[in-house]
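Here is the file my_file24.cif (mmCIF, C-alpha atoms).
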```cif
data_start
#
loop_
_atom_site.label_atom_id
_atom_site.label_comp_id
_atom_site.auth_asym_id
_atom_site.auth_seq_id
_atom_site.Cartn_x
_atom_site.Cartn_y
_atom_site.Cartn_z
CA MET I 142 15.17 -1.27 10.47
CA LYS I 143 11.73 -2.63 9.78
CA GLN I 144 8.84 -0.34 10.49
CA THR I 145 5.34 -1.60 11.01
CA PRO I 146 3.02 1.36 11.33
CA ASN I 147 1.66 0.71 7.89
CA GLU I 148 2.53 -2.79 6.94
CA SER I 149 0.18 -3.04 3.99
CA LEU I 150 1.58 0.11 2.41
CA THR I 151 5.19 -1.10 2.48
CA GLU I 152 3.97 -4.46 1.26
CA GLN I 153 2.28 -2.82 -1.68
CA MET I 154 5.41 -0.82 -2.45
CA ASP I 155 7.42 -4.04 -2.40
CA LYS I 156 4.96 -5.51 -4.86
CA GLU I 157 5.28 -2.55 -7.18
CA VAL I 158 9.06 -2.67 -7.08
CA PHE I 159 8.98 -6.40 -7.73
CA LEU I 160 6.59 -5.95 -10.62
CA LYS I 161 8.77 -3.25 -12.15
CA ARG I 162 11.82 -5.47 -11.93
CA ILE I 163 10.22 -8.43 -13.64
CA LEU I 164 8.55 -6.25 -16.26
CA ALA I 165 11.98 -4.83 -17.09
CA VAL I 166 13.07 -8.26 -18.37
CA GLN I 167 9.82 -9.16 -20.09
CA ASP I 168 11.12 -8.42 -23.58
CA SER I 169 14.24 -10.52 -23.07
CA MET I 170 12.12 -13.33 -21.65
CA PHE I 171 9.79 -13.13 -24.61
CA ARG I 172 12.57 -13.13 -27.20
CA LEU I 173 14.25 -16.09 -25.53
CA ALA I 174 10.97 -18.01 -25.35
CA LYS I 175 10.23 -17.24 -28.97
CA ARG I 176 13.69 -18.35 -30.05
CA LEU I 177 13.26 -21.68 -28.28
CA LEU I 178 9.57 -22.35 -28.94
CA THR I 179 9.51 -20.74 -32.43
CA SER I 180 5.93 -19.54 -32.04
CA THR I 181 4.79 -16.11 -30.89
CA GLU I 182 1.66 -17.42 -29.18
CA GLU I 183 3.51 -20.11 -27.30
CA ALA I 184 6.20 -17.65 -26.30
CA GLU I 185 3.57 -15.28 -24.93
CA ASP I 186 1.97 -18.08 -22.97
CA ALA I 187 5.34 -19.11 -21.62
CA VAL I 188 6.21 -15.61 -20.42
CA GLN I 189 2.86 -15.21 -18.72
CA GLU I 190 3.24 -18.59 -17.08
CA VAL I 191 6.67 -17.64 -15.75
CA PHE I 192 5.33 -14.27 -14.58
CA ALA I 193 2.58 -16.01 -12.66
CA LYS I 194 5.09 -18.34 -11.02
CA LEU I 195 7.39 -15.46 -10.08
CA TRP I 196 4.47 -13.51 -8.70
CA LYS I 197 3.30 -16.41 -6.59
CA ASN I 198 6.74 -16.91 -5.09
CA MET I 199 7.45 -13.21 -4.67
CA ASN I 200 8.04 -13.36 -0.93
CA SER I 201 10.83 -15.88 -1.23
CA LEU I 202 12.35 -14.09 -4.24
CA THR I 203 12.83 -10.57 -2.91
CA THR I 204 16.13 -11.65 -1.34
CA ILE I 205 17.56 -12.78 -4.70
CA SER I 206 19.94 -10.12 -5.98
CA ASN I 207 19.85 -11.17 -9.61
CA LEU I 208 16.11 -11.44 -10.07
CA GLU I 209 16.44 -10.72 -13.78
CA GLY I 210 18.82 -13.61 -14.31
CA TYR I 211 16.56 -15.82 -12.24
CA ALA I 212 13.58 -14.89 -14.42
CA MET I 213 15.60 -15.75 -17.53
CA THR I 214 16.61 -19.11 -16.09
CA MET I 215 12.99 -19.87 -15.28
CA THR I 216 11.98 -18.93 -18.81
CA LYS I 217 14.68 -21.16 -20.25
CA ASN I 218 13.67 -24.11 -18.07
CA TYR I 219 10.02 -23.64 -18.81
CA CYS I 220 10.63 -23.59 -22.57
CA LEU I 221 12.94 -26.60 -22.53
CA ASP I 222 10.33 -28.53 -20.54
CA ARG I 223 7.69 -27.54 -23.06
CA LEU I 224 9.91 -28.73 -25.91
CA LYS I 225 10.61 -32.03 -24.17
CA SER I 226 6.92 -32.70 -23.63
CA LYS I 227 6.15 -32.31 -27.31
CA HIS I 228 9.41 -33.47 -28.73
CA ALA I 229 7.94 -35.85 -31.29
CA ALA I 230 5.68 -33.19 -32.77
CA GLN I 231 8.58 -30.75 -32.92
CA LEU I 232 10.77 -33.22 -34.79
CA ARG I 233 8.14 -33.75 -37.41
CA LEU I 234 7.79 -30.02 -37.83
CA VAL I 235 11.53 -29.55 -38.37
CA HIS I 236 11.69 -32.27 -40.99
CA PHE I 237 8.72 -30.89 -42.76
CA LYS I 238 10.30 -27.48 -42.92
CA HIS I 239 13.59 -28.89 -44.13
CA ASP I 240 11.97 -30.85 -46.97
CA LYS I 241 10.06 -27.86 -48.07
CA ALA I 242 13.16 -25.69 -48.14
CA THR I 243 15.14 -28.06 -50.36
CA SER I 244 12.41 -29.18 -52.71
CA SER I 245 10.48 -26.09 -53.62
CA LEU I 246 12.06 -23.65 -56.02
CA ASP I 247 9.77 -20.87 -54.84
CA GLN I 248 11.00 -21.42 -51.34
CA GLN I 249 14.60 -21.17 -52.49
CA ILE I 250 13.96 -17.91 -54.25
CA GLU I 251 12.19 -16.60 -51.22
CA ASP I 252 15.12 -17.68 -49.08
CA ARG I 253 17.38 -15.26 -50.92
CA ASP I 254 15.86 -12.82 -48.56
CA SER I 255 19.04 -13.34 -46.66
CA VAL I 256 17.89 -11.94 -43.34
CA SER I 257 15.04 -14.40 -42.97
CA GLN I 258 17.49 -17.07 -44.03
CA VAL I 259 19.65 -16.19 -41.05
CA PHE I 260 16.74 -17.03 -38.75
CA ASP I 261 16.54 -20.44 -40.38
CA PHE I 262 20.25 -20.93 -39.72
CA ILE I 263 19.77 -20.06 -36.05
CA GLU I 264 16.73 -22.31 -35.96
CA ALA I 265 18.81 -25.27 -37.14
CA LEU I 266 21.34 -24.95 -34.29
CA PRO I 267 21.28 -27.36 -31.35
CA GLU I 268 19.21 -26.01 -28.45
CA GLN I 269 22.14 -25.22 -26.18
CA GLN I 270 23.92 -23.20 -28.88
CA LYS I 271 20.73 -21.44 -29.85
CA LEU I 272 20.22 -20.45 -26.24
CA VAL I 273 23.74 -19.15 -25.74
CA LEU I 274 23.74 -17.27 -29.04
CA GLN I 275 20.45 -15.63 -28.17
CA LEU I 276 21.64 -14.52 -24.73
CA ARG I 277 24.88 -13.10 -26.04
CA ASP I 278 24.10 -11.61 -29.45
CA VAL I 279 20.55 -10.44 -28.89
CA GLU I 280 20.46 -9.81 -25.15
CA GLN I 281 24.15 -8.91 -24.80
CA TYR I 282 24.74 -10.51 -21.43
CA ASP I 283 28.31 -11.07 -20.27
CA LEU I 284 29.57 -14.64 -20.23
CA GLU I 285 29.29 -14.93 -16.48
CA THR I 286 25.59 -14.06 -16.50
CA ILE I 287 24.98 -16.43 -19.40
CA ALA I 288 26.68 -19.19 -17.44
CA GLN I 289 24.33 -18.44 -14.54
CA ILE I 290 21.21 -18.40 -16.69
CA THR I 291 22.06 -21.53 -18.65
CA GLU I 292 23.48 -23.33 -15.60
CA LEU I 293 26.59 -24.17 -17.63
CA SER I 294 30.22 -23.42 -16.92
CA GLU I 295 31.72 -20.30 -18.50
CA GLY I 296 34.01 -22.50 -20.58
CA ALA I 297 31.07 -24.47 -21.93
CA VAL I 298 29.27 -21.21 -22.77
CA ARG I 299 32.30 -19.96 -24.66
CA VAL I 300 32.61 -23.18 -26.66
CA ALA I 301 28.90 -23.34 -27.49
CA LEU I 302 28.86 -19.69 -28.53
CA SER I 303 31.91 -20.12 -30.72
CA ARG I 304 30.45 -23.20 -32.42
CA ALA I 305 27.15 -21.47 -33.05
CA ARG I 306 28.79 -18.40 -34.57
CA LYS I 307 31.13 -20.44 -36.77
CA THR I 308 28.32 -22.67 -38.01
CA ILE I 309 26.35 -19.63 -39.03
CA ARG I 310 29.39 -17.99 -40.57
CA ASN I 311 29.97 -21.08 -42.73
CA LYS I 312 26.36 -21.16 -43.84
CA LEU I 313 26.47 -17.47 -44.67
CA ILE I 314 29.55 -17.96 -46.84
CA LYS I 315 27.93 -20.90 -48.60
CA ALA I 316 24.71 -19.02 -49.21
CA HIS I 317 26.66 -16.04 -50.49
CA GLN I 318 28.70 -18.14 -52.93
CA HIS I 319 25.57 -19.92 -54.07
CA GLY I 320 24.01 -16.56 -54.76
CA ILE I 321 27.00 -15.53 -56.89
CA GLU I 322 27.08 -18.84 -58.83
CA THR I 323 23.45 -18.62 -59.81
CA GLY I 324 24.17 -15.12 -61.03
CA SER I 325 21.91 -13.04 -58.82
CA MET M 138 36.49 1.61 -37.81
CA GLU M 139 39.47 0.46 -39.85
CA LEU M 140 38.86 -2.58 -42.02
CA LYS M 141 41.80 -4.33 -40.43
CA GLN M 142 40.28 -3.69 -37.04
CA VAL M 143 36.94 -5.12 -38.16
CA HIS M 144 38.64 -8.32 -39.30
CA LYS M 145 40.42 -8.59 -35.98
CA HIS M 146 37.21 -8.06 -34.03
CA LEU M 147 35.43 -10.62 -36.16
CA GLU M 148 38.10 -13.19 -35.47
CA ARG M 149 37.78 -12.59 -31.74
CA TYR M 150 34.01 -12.62 -32.13
CA LEU M 151 34.10 -16.10 -33.67
CA GLU M 152 36.36 -17.35 -30.87
CA SER M 153 34.01 -15.87 -28.25
CA SER M 154 36.84 -13.79 -26.89
CA ALA M 155 35.63 -10.39 -28.02
CA THR M 156 34.37 -8.04 -25.32
CA LEU M 157 30.81 -6.71 -25.40
CA ALA M 158 32.20 -3.33 -26.47
CA GLU M 159 34.08 -4.90 -29.38
CA GLU M 160 30.94 -6.76 -30.44
CA GLN M 161 29.01 -3.52 -30.24
CA ALA M 162 31.56 -1.93 -32.56
CA LEU M 163 30.94 -4.74 -35.03
CA TYR M 164 27.17 -4.17 -34.92
CA ALA M 165 27.80 -0.48 -35.53
CA TYR M 166 30.04 -1.27 -38.50
CA PHE M 167 27.57 -3.66 -40.10
CA SER M 168 24.63 -1.34 -39.56
CA GLN M 169 25.96 1.08 -42.20
CA PRO M 170 24.58 0.61 -45.71
CA ASN M 171 27.90 -0.25 -47.37
CA VAL M 172 30.36 -2.75 -45.97
CA ASP M 173 33.57 -4.03 -47.47
CA LYS M 174 33.22 -6.69 -50.19
CA SER M 175 35.22 -9.19 -48.14
CA LEU M 176 32.69 -8.94 -45.31
CA VAL M 177 29.43 -8.57 -47.15
CA HIS M 178 28.27 -12.12 -46.35
CA TYR M 179 28.21 -11.28 -42.63
CA LYS M 180 25.82 -8.41 -43.04
CA PRO M 181 22.56 -10.40 -43.02
CA TYR M 182 23.47 -11.91 -39.68
CA PHE M 183 24.08 -8.60 -37.94
CA THR M 184 20.98 -7.14 -39.53
CA ALA M 185 18.91 -10.10 -38.34
CA ILE M 186 20.20 -9.78 -34.80
CA ALA M 187 19.54 -6.03 -34.76
CA GLN M 188 15.97 -6.80 -35.88
CA GLN M 189 15.62 -9.36 -33.11
CA ARG M 190 16.61 -6.83 -30.49
CA GLU M 191 13.65 -4.69 -31.47
CA GLU M 192 11.10 -7.38 -30.73
CA ARG M 193 8.84 -6.59 -27.77
CA PHE M 194 6.50 -8.49 -25.52
CA SER M 195 3.05 -7.05 -26.21
CA VAL M 196 0.88 -8.79 -23.62
CA ASN M 197 0.04 -6.83 -20.49
CA PHE M 198 0.69 -8.54 -17.21
CA LYS M 199 -1.46 -6.95 -14.51
CA PRO M 200 -1.41 -8.82 -11.23
CA LYS M 201 -3.49 -7.55 -8.32
CA LEU M 202 -1.55 -4.99 -6.33
CA LYS M 203 -4.35 -4.24 -3.85
CA SER M 204 -4.65 -6.19 -0.61
CA THR M 205 -6.98 -9.18 -0.47
CA LYS M 206 -9.36 -7.33 1.91
CA VAL M 207 -10.15 -4.69 -0.70
CA GLN M 208 -10.57 -7.43 -3.24
CA PHE M 209 -13.06 -9.20 -0.98
CA ILE M 210 -15.09 -6.02 -0.47
CA ARG M 211 -15.21 -5.54 -4.21
CA VAL M 212 -16.37 -9.08 -4.80
CA ALA M 213 -19.00 -8.71 -2.07
CA ALA M 214 -20.26 -5.46 -3.58
CA VAL M 215 -20.58 -7.02 -7.01
CA ALA M 216 -22.39 -10.02 -5.55
CA ALA M 217 -24.81 -7.77 -3.62
CA ALA M 218 -25.54 -5.75 -6.75
CA ALA M 219 -26.18 -8.95 -8.70
CA ILE M 220 -28.60 -10.28 -6.07
CA ALA M 221 -30.43 -6.95 -5.88
CA GLY M 222 -30.68 -6.92 -9.65
CA VAL M 223 -32.23 -10.39 -9.77
CA PHE M 224 -34.67 -9.43 -6.99
CA ILE M 225 -35.82 -6.26 -8.79
CA LEU M 226 -36.16 -8.17 -12.02
CA GLN M 227 -38.41 -10.71 -10.34
CA GLN M 228 -40.53 -7.92 -8.88
CA THR M 229 -41.16 -6.39 -12.27
CA VAL M 230 -42.02 -9.80 -13.70
CA VAL M 231 -44.73 -10.17 -11.00
CA THR M 232 -46.33 -6.81 -11.81
CA THR M 233 -46.35 -7.21 -15.56
CA GLN M 234 -47.52 -10.81 -15.76
CA PRO M 235 -50.68 -11.67 -13.72
CA SER M 236 -50.56 -14.84 -11.67
CA PRO M 237 -53.11 -17.67 -12.27
CA GLU M 238 -55.03 -16.58 -9.14
CA GLU M 239 -55.50 -13.11 -10.54
CA ILE M 240 -56.70 -14.46 -13.88
CA ALA M 241 -59.18 -16.67 -12.05
CA PHE M 242 -60.38 -13.72 -9.99
CA GLU M 243 -60.91 -11.60 -13.08
CA GLU M 244 -62.93 -14.37 -14.73
CA PHE M 245 -64.97 -14.84 -11.58
CA LYS M 246 -65.66 -11.11 -11.49
CA THR M 247 -67.02 -11.00 -15.04
CA ASN M 248 -69.08 -14.10 -14.40
CA MET M 249 -70.56 -12.61 -11.25
CA TYR M 250 -71.33 -9.41 -13.15
CA LEU M 251 -73.26 -11.36 -15.75
CA VAL M 252 -75.14 -13.23 -13.04
CA ALA M 253 -75.93 -9.94 -11.34
CA THR M 254 -77.42 -8.39 -14.50
CA GLN M 255 -79.61 -11.45 -15.05
CA LEU M 256 -80.66 -11.29 -11.45
CA ASN M 257 -81.62 -7.62 -11.78
CA LYS M 258 -83.78 -8.44 -14.84
CA GLY M 259 -85.53 -11.07 -12.78
CA MET M 260 -86.06 -8.60 -9.98
CA GLN M 261 -87.74 -6.18 -12.42
CA GLY M 262 -90.01 -9.00 -13.60
CA VAL M 263 -90.97 -9.68 -10.03
CA ALA M 264 -91.73 -6.00 -9.52
CA HIS M 265 -94.16 -6.09 -12.51
CA ILE M 266 -95.99 -9.06 -11.03
CA GLU M 267 -96.29 -7.18 -7.77
CA THR M 268 -98.01 -4.18 -9.45
CA PHE M 269 -100.26 -6.50 -11.48
CA ASN M 270 -101.38 -8.21 -8.29
CA GLN M 271 -102.15 -4.88 -6.67
CA THR M 272 -104.33 -3.71 -9.60
CA THR M 273 -106.14 -7.05 -9.75
CA ASN M 274 -106.88 -6.77 -6.08
CA LYS M 275 -108.29 -3.26 -6.70
CA TYR M 276 -111.00 -4.46 -9.12
CA LEU M 277 -111.76 -7.86 -7.73
CA LYS M 278 -113.10 -6.92 -4.39
CA THR M 279 -113.84 -9.96 -2.38
CA GLU M 280 -115.45 -8.06 0.46
#
```

So that I can check it, write out the structure of this file as structure tokens.
Amino acid sequence: MKQTPNESLTEQMDKEVFLKRILAVQDSMFRLAKRLLTSTEEAEDAVQEVFAKLWKNMNSLTTISNLEGYAMTMTKNYCLDRLKSKHAAQLRLVHFKHDKATSSLDQQIEDRDSVSQVFDFIEALPEQQKLVLQLRDVEQYDLETIAQITELSEGAVRVALSRARKTIRNKLIKAHQHGIETGS
Amino acid sequence: MELKQVHKHLERYLESSATLAEEQALYAYFSQPNVDKSLVHYKPYFTAIAQQREERFSVNFKPKLKSTKVQFIRVAAVAAAAIAGVFILQQTVVTTQPSPEEIAFEEFKTNMYLVATQLNKGMQGVAHIETFNQTTNKYLKTE
């Protein structure tokens, strides 16, 4: 039953509910954006951009049951678009980082800080795997939701997740053995 | 958790067949300071992920919740205040800085004052002549 004695009041309540719902996922959106864009500033911009888009289309979105998942999908798409548009620059950046990591002894010593090393391992994963790993391990979504957000099949999610985890496991083992060999 | 159990969970974890609860158990296991030697290389990963989960979005998103009418009234009020402010400012500028006409008037006034004093001197001179004439007429009787 839709009442209309005070339309603007119910409208405002709808807005507040909507705002609360999208603010509830803001941290997940931010972490996902940061994982994909690798820069805090860019991730913040991305989240605000997605917020603005959601806000603008609020009226058509209130019927969506999984607004949170929708917000995550939008974040993912926005970030992947951003990456595509500056792909060349990104590539150069990755190579630069890689060279630095293998050539400089200081860097290698610093990298023994094994936790920060893990982030480098995640960074080196293909985008799809990075995305799936982030959604599962950090955000702890079930596979069905991840499939929705990534617009992949559940099987594809499972495979990508498995590959990502195994790649990292192998690198962890290697790094650990290397650490033992050099006697640290 | 039993070590054997941890290994089993890890295997399922790598195959993406572990449940969220089983994965949670793994995070709990690796969050303790000491883990088994056979698993120690995994620890940085679980620590890194736990760190990641703590990261927060720190920018405030505050869209307008009020209706557009209220917004318009606010904008109008601000605009009115701004116009009034400019008007008052102009008024004070007028009173503190004299206009060219006023300057000219002041100059004219001083000039006229000077003229007037000179004129008065002249008038006095004329008055002397008048008295002189009277006295002359007294002694030089033409009758």

Can you give me, as a VMD selection string, the residues this file yields under the PyMOL selection byres ((chain M) within 12 of (chain I))? chain M and resid 147 to 161 163 to 164 174 to 207

What is the CA of Thr291 (chain I) to CA of Val273 (chain I) distance in Å?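 We find that CA of Thr291 (chain I) and CA of Val273 (chain I) lie 7.7 Å from each other.
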
Could you please determine the separation between CA of Thr203 (chain I) and CA of Phe159 (chain I) in Å, to one decimal place?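 Interatomic distance here is 7.4 Å.
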
Could you write out as a list of chain:residue names the residues that the PyMOL selection byres ((chain M and resi 138) around 9) matches in the shown file?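 Residues picked by the PyMOL selection byres ((chain M and resi 138) around 9): M:Glu139, M:Leu140, M:Lys141, M:Gln142, M:Val143, M:Ala162, M:Leu163, M:Tyr166.
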
Suppose you want the space between CA of Ser236 (chain M) and CA of Ile220 (chain M); what is it in Å?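 Between CA of Ser236 (chain M) and CA of Ile220 (chain M) the gap is 23.1 Å.
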
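Between Asp261 (chain I) and the candidates I:Leu208, I:Ala174, I:Lys197, I:Thr179, the tightest atom-to-atom separation, counting only C-alpha atoms, involves I:Thr179.
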
Listed atoms of region 257-276 of chain I, axis-aligned box, 4 Å per side: centre and edge lengths to one decimal in Å, as JSON?
```
{"center_x": 19.5, "center_y": -20.9, "center_z": -34.4, "size_x": 16.9, "size_y": 21.0, "size_z": 27.3}
```

Within 9 Å of file point (13.6, -18.6, -8.9), counting only C-alpha atoms, expressed as a short mmCIF file (atom, residue, chain, number, x, y, z; two decimals) with C-alpha atoms, in the coordinates of the input:
```cif
data_model
loop_
_atom_site.label_atom_id
_atom_site.label_comp_id
_atom_site.auth_asym_id
_atom_site.auth_seq_id
_atom_site.Cartn_x
_atom_site.Cartn_y
_atom_site.Cartn_z
CA LYS I 194 5.09 -18.34 -11.02
CA LEU I 195 7.39 -15.46 -10.08
CA ASN I 198 6.74 -16.91 -5.09
CA SER I 201 10.83 -15.88 -1.23
CA LEU I 202 12.35 -14.09 -4.24
CA ILE I 205 17.56 -12.78 -4.70
CA LEU I 208 16.11 -11.44 -10.07
CA TYR I 211 16.56 -15.82 -12.24
CA ALA I 212 13.58 -14.89 -14.42
CA THR I 214 16.61 -19.11 -16.09
CA MET I 215 12.99 -19.87 -15.28
#
```

For region 163-186 of chain M of the structure just presented, write N, CA and C atoms to a file, as a CSV table (one decimal), in the first residue's frame.
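Once written, out15.csv looks like this:
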```csv
chain,number,residue,atom,x,y,z
M,163,LEU,N,40.9,-21.7,9.2
M,163,LEU,CA,42.3,-21.5,8.8
M,163,LEU,C,42.9,-20.2,9.2
M,164,TYR,N,42.1,-19.1,9.0
M,164,TYR,CA,42.5,-17.8,9.4
M,164,TYR,C,42.8,-17.7,10.9
M,165,ALA,N,41.9,-18.4,11.6
M,165,ALA,CA,42.0,-18.4,13.1
M,165,ALA,C,43.3,-19.2,13.5
M,166,TYR,N,43.6,-20.3,12.8
M,166,TYR,CA,44.8,-21.0,13.1
M,166,TYR,C,46.0,-20.2,12.8
M,167,PHE,N,46.1,-19.6,11.7
M,167,PHE,CA,47.3,-18.8,11.3
M,167,PHE,C,47.4,-17.5,12.0
M,168,SER,N,46.4,-17.1,12.7
M,168,SER,CA,46.5,-15.8,13.5
M,168,SER,C,47.2,-16.0,14.8
M,169,GLN,N,47.4,-17.2,15.2
M,169,GLN,CA,48.2,-17.4,16.5
M,169,GLN,C,49.7,-17.3,16.2
M,170,PRO,N,50.4,-16.9,17.2
M,170,PRO,CA,51.8,-16.5,17.0
M,170,PRO,C,52.7,-17.7,16.5
M,171,ASN,N,52.4,-18.9,17.0
M,171,ASN,CA,53.2,-20.1,16.6
M,171,ASN,C,52.4,-21.1,15.8
M,172,VAL,N,52.9,-21.3,14.5
M,172,VAL,CA,52.3,-22.3,13.7
M,172,VAL,C,53.3,-23.5,13.5
M,173,ASP,N,52.8,-24.6,13.1
M,173,ASP,CA,53.6,-25.7,12.8
M,173,ASP,C,54.7,-25.4,11.8
M,174,LYS,N,55.9,-26.0,11.9
M,174,LYS,CA,57.0,-25.8,11.0
M,174,LYS,C,56.6,-26.1,9.6
M,175,SER,N,55.8,-27.1,9.4
M,175,SER,CA,55.5,-27.5,8.0
M,175,SER,C,54.6,-26.5,7.3
M,176,LEU,N,54.0,-25.6,8.1
M,176,LEU,CA,53.0,-24.6,7.5
M,176,LEU,C,53.5,-23.2,7.6
M,177,VAL,N,54.7,-23.0,8.1
M,177,VAL,CA,55.1,-21.6,8.5
M,177,VAL,C,55.1,-20.7,7.3
M,178,HIS,N,55.4,-21.3,6.1
M,178,HIS,CA,55.5,-20.4,4.9
M,178,HIS,C,54.1,-19.8,4.5
M,179,TYR,N,53.0,-20.4,5.0
M,179,TYR,CA,51.7,-19.9,4.7
M,179,TYR,C,51.3,-18.7,5.5
M,180,LYS,N,52.0,-18.5,6.6
M,180,LYS,CA,51.6,-17.5,7.6
M,180,LYS,C,51.6,-16.1,7.0
M,181,PRO,N,52.6,-15.7,6.3
M,181,PRO,CA,52.5,-14.3,5.7
M,181,PRO,C,51.3,-14.0,4.9
M,182,TYR,N,50.8,-15.0,4.2
M,182,TYR,CA,49.7,-14.8,3.4
M,182,TYR,C,48.4,-14.5,4.2
M,183,PHE,N,48.2,-15.4,5.2
M,183,PHE,CA,47.0,-15.2,6.0
M,183,PHE,C,47.1,-13.9,6.9
M,184,THR,N,48.3,-13.5,7.2
M,184,THR,CA,48.5,-12.3,8.0
M,184,THR,C,48.2,-11.1,7.0
M,185,ALA,N,48.7,-11.2,5.8
M,185,ALA,CA,48.5,-10.1,4.8
M,185,ALA,C,47.0,-9.9,4.6
M,186,ILE,N,46.3,-11.0,4.4
M,186,ILE,CA,44.8,-10.9,4.1
M,186,ILE,C,44.1,-10.3,5.3
```
